[in-house]
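Working notes, structure below.
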Amino acid sequence: MDVEMMRDVASLDPELLQLSEVSPLALKENPYIVEQLYIQWLSLPETVKMVQSLIEEAKGYVSFNVPGIASSTNATASNSLPSIFSAGSAPPLSPRSVSCSPRFLKRGGSLGPSSLGSSKKVISEPVREVIPQFYFQNGRPLPNKLKEECLSRIDEIFYCHLEGLQVQEFKSVTKEICKLPSFFNSALFRKVDANCVGIVTRDAFVDFWVNSNMMTMDIANQIYMVLKHPDHKYLTQEDFRPVLQELLASHPGLEFLQSTPEFQQRYAETVIYRIFYYMNKSGNGQLTLRELKRGNLIAAMQHADEEEDINKVLRYFSYEHFYVIYCKFWELDTDHDFLIDKENLIRYGNHALTYRIVDRIFSQVARKFTSKVEGKMGYEDFVYFILSEEDKSSEPSLEYWFKCVDLDGNGILTTNEMQFFYEEQLHRMECMANEPVLFEDILCQMIDMIGPENRSYFTLQDFKGCKLSGNVFNILFNLNKFVAFESRDPFLIRQEREQPTLTEWDRFAHREYIRLSLEDDGEDASNGSGDAWDESHEAPF
């Protein structure tokens with residue numbers, strides 16, 4: 001103990017004592033005086049209490065700060081208390097204070113317990129706040145009461161079917177327990193009946209729906225899990241076929257198609273193509289959960305399940321919309337091989353499109369054809385085309401036509417590129433004896449219409465930020481719509497104001513369906529037949 005104290009005294013810097021009456025040089029030359037002063041300070045009761053308190057706090061790993069004496073002690077902590085702090089672990093030294101110096105202690109007298117207690121602040125260890133869980137991968141767990149109510153309802157349904165439910169009996173489970181559209185019944189049944197025995201027992205359903213947390217998911221996750229292949233992290237077109245087959249078999253608005261299974265298939269295909277056109281933003285045929293949640297498909301499915309008139313479900317499922325798409329394709333497909341070429345497509349809309357834009361469509365820069373025949377467009381390709389052509393306000397349409405006009409594929413439309421397409425429009429106007437509009441004039445109009453960030457070119461974002469952007473593409477390659485836009489048909493303007501929720505596609509499909517229906521009625525009257533299509537057309541409309 002004496003040896004350690006002598007080592008501490010020898011390491012003490014006399015200047016730290018701040019004794020103006022004694023020269024620091026004299027203290028260095030007389031270490032005995034320093035030793036006596038140090039022993040006298042250690043013998044004070046207040047010093048003993050302070051050192052013991054500091055040692056206890058250091059053992060408890062608690063931060064401390066003792067103004068006055070503690071500051072002077074900290075000032076020499078690295079030397080005078082080597083046994084308390086290891087190298088590099090000592091707290092930072094506090095600024096020197098005259099009130100902490102031994103000189104102040106000598107003049108001001110001893111530091112009593114009252115002053116020590118009033119100045120000493122012990123900071124207790126911070127209390128750890130427990131943050132409740134806010135993210136649940138499979139949805140927030142249901143309260144026990146709701147879970148018990150669900151199990152009770154399940155028991156009621158399975159009470160009279162102890163051996164299990166067959167697919168038709170399972171529909172009450174799909175609607176009442178799972179709250180899914182009724183045409184998901186077969187898909188859900190097959191998902192639970194993993195062994196394909198044709199029976200779903202009470203325990204199998206509880207294990208699938210309750211124990212695996214399916215019931216805690218939102219409806220988008222539930223539909224996604226029911227439809228997707230177990231090995232995939234996305235939905236394909238094939239995944240939607242079972243629910244559409246059941247929709248065709250059970251929906252009262254589609255009963256008339258049950259005698260023509262080939263057109264049931266065409267309807268299902270058209271609905272699927274429309275779904276992927278609007279929902280699959282990446283265009284890779286793999287619909288992700290994120291895309292499913294961001295779209296309006298689930299709301300449309302619920303609407304189709306509740307609405308008896310399928311034509312009132314304008315999103316995806318309207319039979320009238322399918323009728324228009326298929327008939328427009330049938331009109332162009334003159335040899336009925338279910339493929340159309342450039343010469344067929346140029347006749348679309350009474351020769352509304354230019355040759356240059358048709359060439360770009362068949363170059364497949366906007367979208368690769370699914371047709372296996374070179375230079376031919378298949379039905380799925382036509383669905384994408386007609387949806388893009390008749391509703392240029394939609395985001396997929398803007399992307400489709402932007403790629404067609406972007407000749408060099410650099411992501412911007414320059415004046416040269418737009419002029420290239422407009423030249424043919426100008427020539428057609430001259431041939432039709434219409435007053436031609438020079439490109440320079442029309443360019444100013446397009447710039448004012450879109451308001452691009454840079455007036456020397458257009459970007460896709462410029463088009464997406466303007467409601468009138470579709471008219472730019474009509475100006476460039478659709479003469480009929482260009483003329484209609486210039487004339488500002490008051491009937492169409494009034495129609496848009498009266499029905500603002502309808503899209504351009506909805507209005508087009510409604511007009512075309514009426515036109516086609518009148519034509520079919522005329523053919524029926526002239527042929528004396530009740531069928532809209534005769535057997536030579538191989539169509540049952």
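Letters A, B, ... go to the chains of the structure tokens in the order shown; residues in each chain start at 1; ligands are counted from 1 in the same order.
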Problem - strand (DSSP E) positions in stretch 402-477 of chain A, given as number ranges by chain - result: A: 412-414, 457-459
Just-selected residues, N, CA and C atoms written as an mmCIF file, in the first residue's frame:
data_model
loop_
_atom_site.group_PDB
_atom_site.id
_atom_site.type_symbol
_atom_site.label_atom_id
_atom_site.label_comp_id
_atom_site.auth_asym_id
_atom_site.auth_seq_id
_atom_site.Cartn_x
_atom_site.Cartn_y
_atom_site.Cartn_z
ATOM 1 N N ILE A 412 -35.876 9.556 -75.488
ATOM 2 C CA ILE A 412 -36.427 10.891 -75.715
ATOM 3 C C ILE A 412 -36.960 10.970 -77.149
ATOM 4 N N LEU A 413 -37.973 11.804 -77.338
ATOM 5 C CA LEU A 413 -38.522 12.036 -78.664
ATOM 6 C C LEU A 413 -38.059 13.407 -79.141
ATOM 7 N N THR A 414 -37.280 13.413 -80.216
ATOM 8 C CA THR A 414 -36.778 14.662 -80.764
ATOM 9 C C THR A 414 -37.726 15.163 -81.854
ATOM 10 N N TYR A 457 -37.059 18.561 -76.570
ATOM 11 C CA TYR A 457 -37.418 17.145 -76.737
ATOM 12 C C TYR A 457 -38.460 16.758 -75.688
ATOM 13 N N PHE A 458 -39.055 15.576 -75.901
ATOM 14 C CA PHE A 458 -40.075 15.056 -74.984
ATOM 15 C C PHE A 458 -39.562 13.778 -74.325
ATOM 16 N N THR A 459 -39.854 13.608 -73.054
ATOM 17 C CA THR A 459 -39.559 12.359 -72.352
ATOM 18 C C THR A 459 -40.860 11.645 -72.006
#
Practice task
With a distance cut-off of 10 Å and only C-alpha atoms, select the neighbouring residues of A:Asp309, excluding the residue or stretch itself and same-chain residues fewer than 6 positions from it, and output the selection as a PyMOL selection string.
Solution key: chain A and resi 251-254+318-319
Problem - Residues near A:Thr236, cut-off 8 Å, only C-alpha atoms, skip fewer than 6 positions along chain, as JSON, numbers by chain - result: {"A": [228, 285, 286, 287]}
Handout entry: Computed interatomic separation between atom CA of A:Glu423 and atom CA of A:Tyr384 (Å)
Key =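 Pair atom CA of A:Glu423 / atom CA of A:Tyr384 returns 26.1 Å.
Nearest-residue note for A:His510: choosing from A:Lys49, A:His336, A:Arg274, A:His321, the minimum distance belongs to A:His321, counting only C-alpha atoms.
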Exercise for the section: State, in Å with one decimal place, the distance from atom CA of A:Tyr323 to atom CA of A:Val483. Expected result: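 Value for the atom CA of A:Tyr323-atom CA of A:Val483 distance: 27.3 Å.
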Practice task
Among the residues of stretch 209-443 of chain A, find those DSSP assigns to alpha helix (DSSP H) from the backbone and print them as a ChimeraX atom specification.
Solution key: /A:219-227,237-250,261-279,289-294,297-306,319-332,342-345,348-351,355-362,379-390,395-405,415-431,439-443
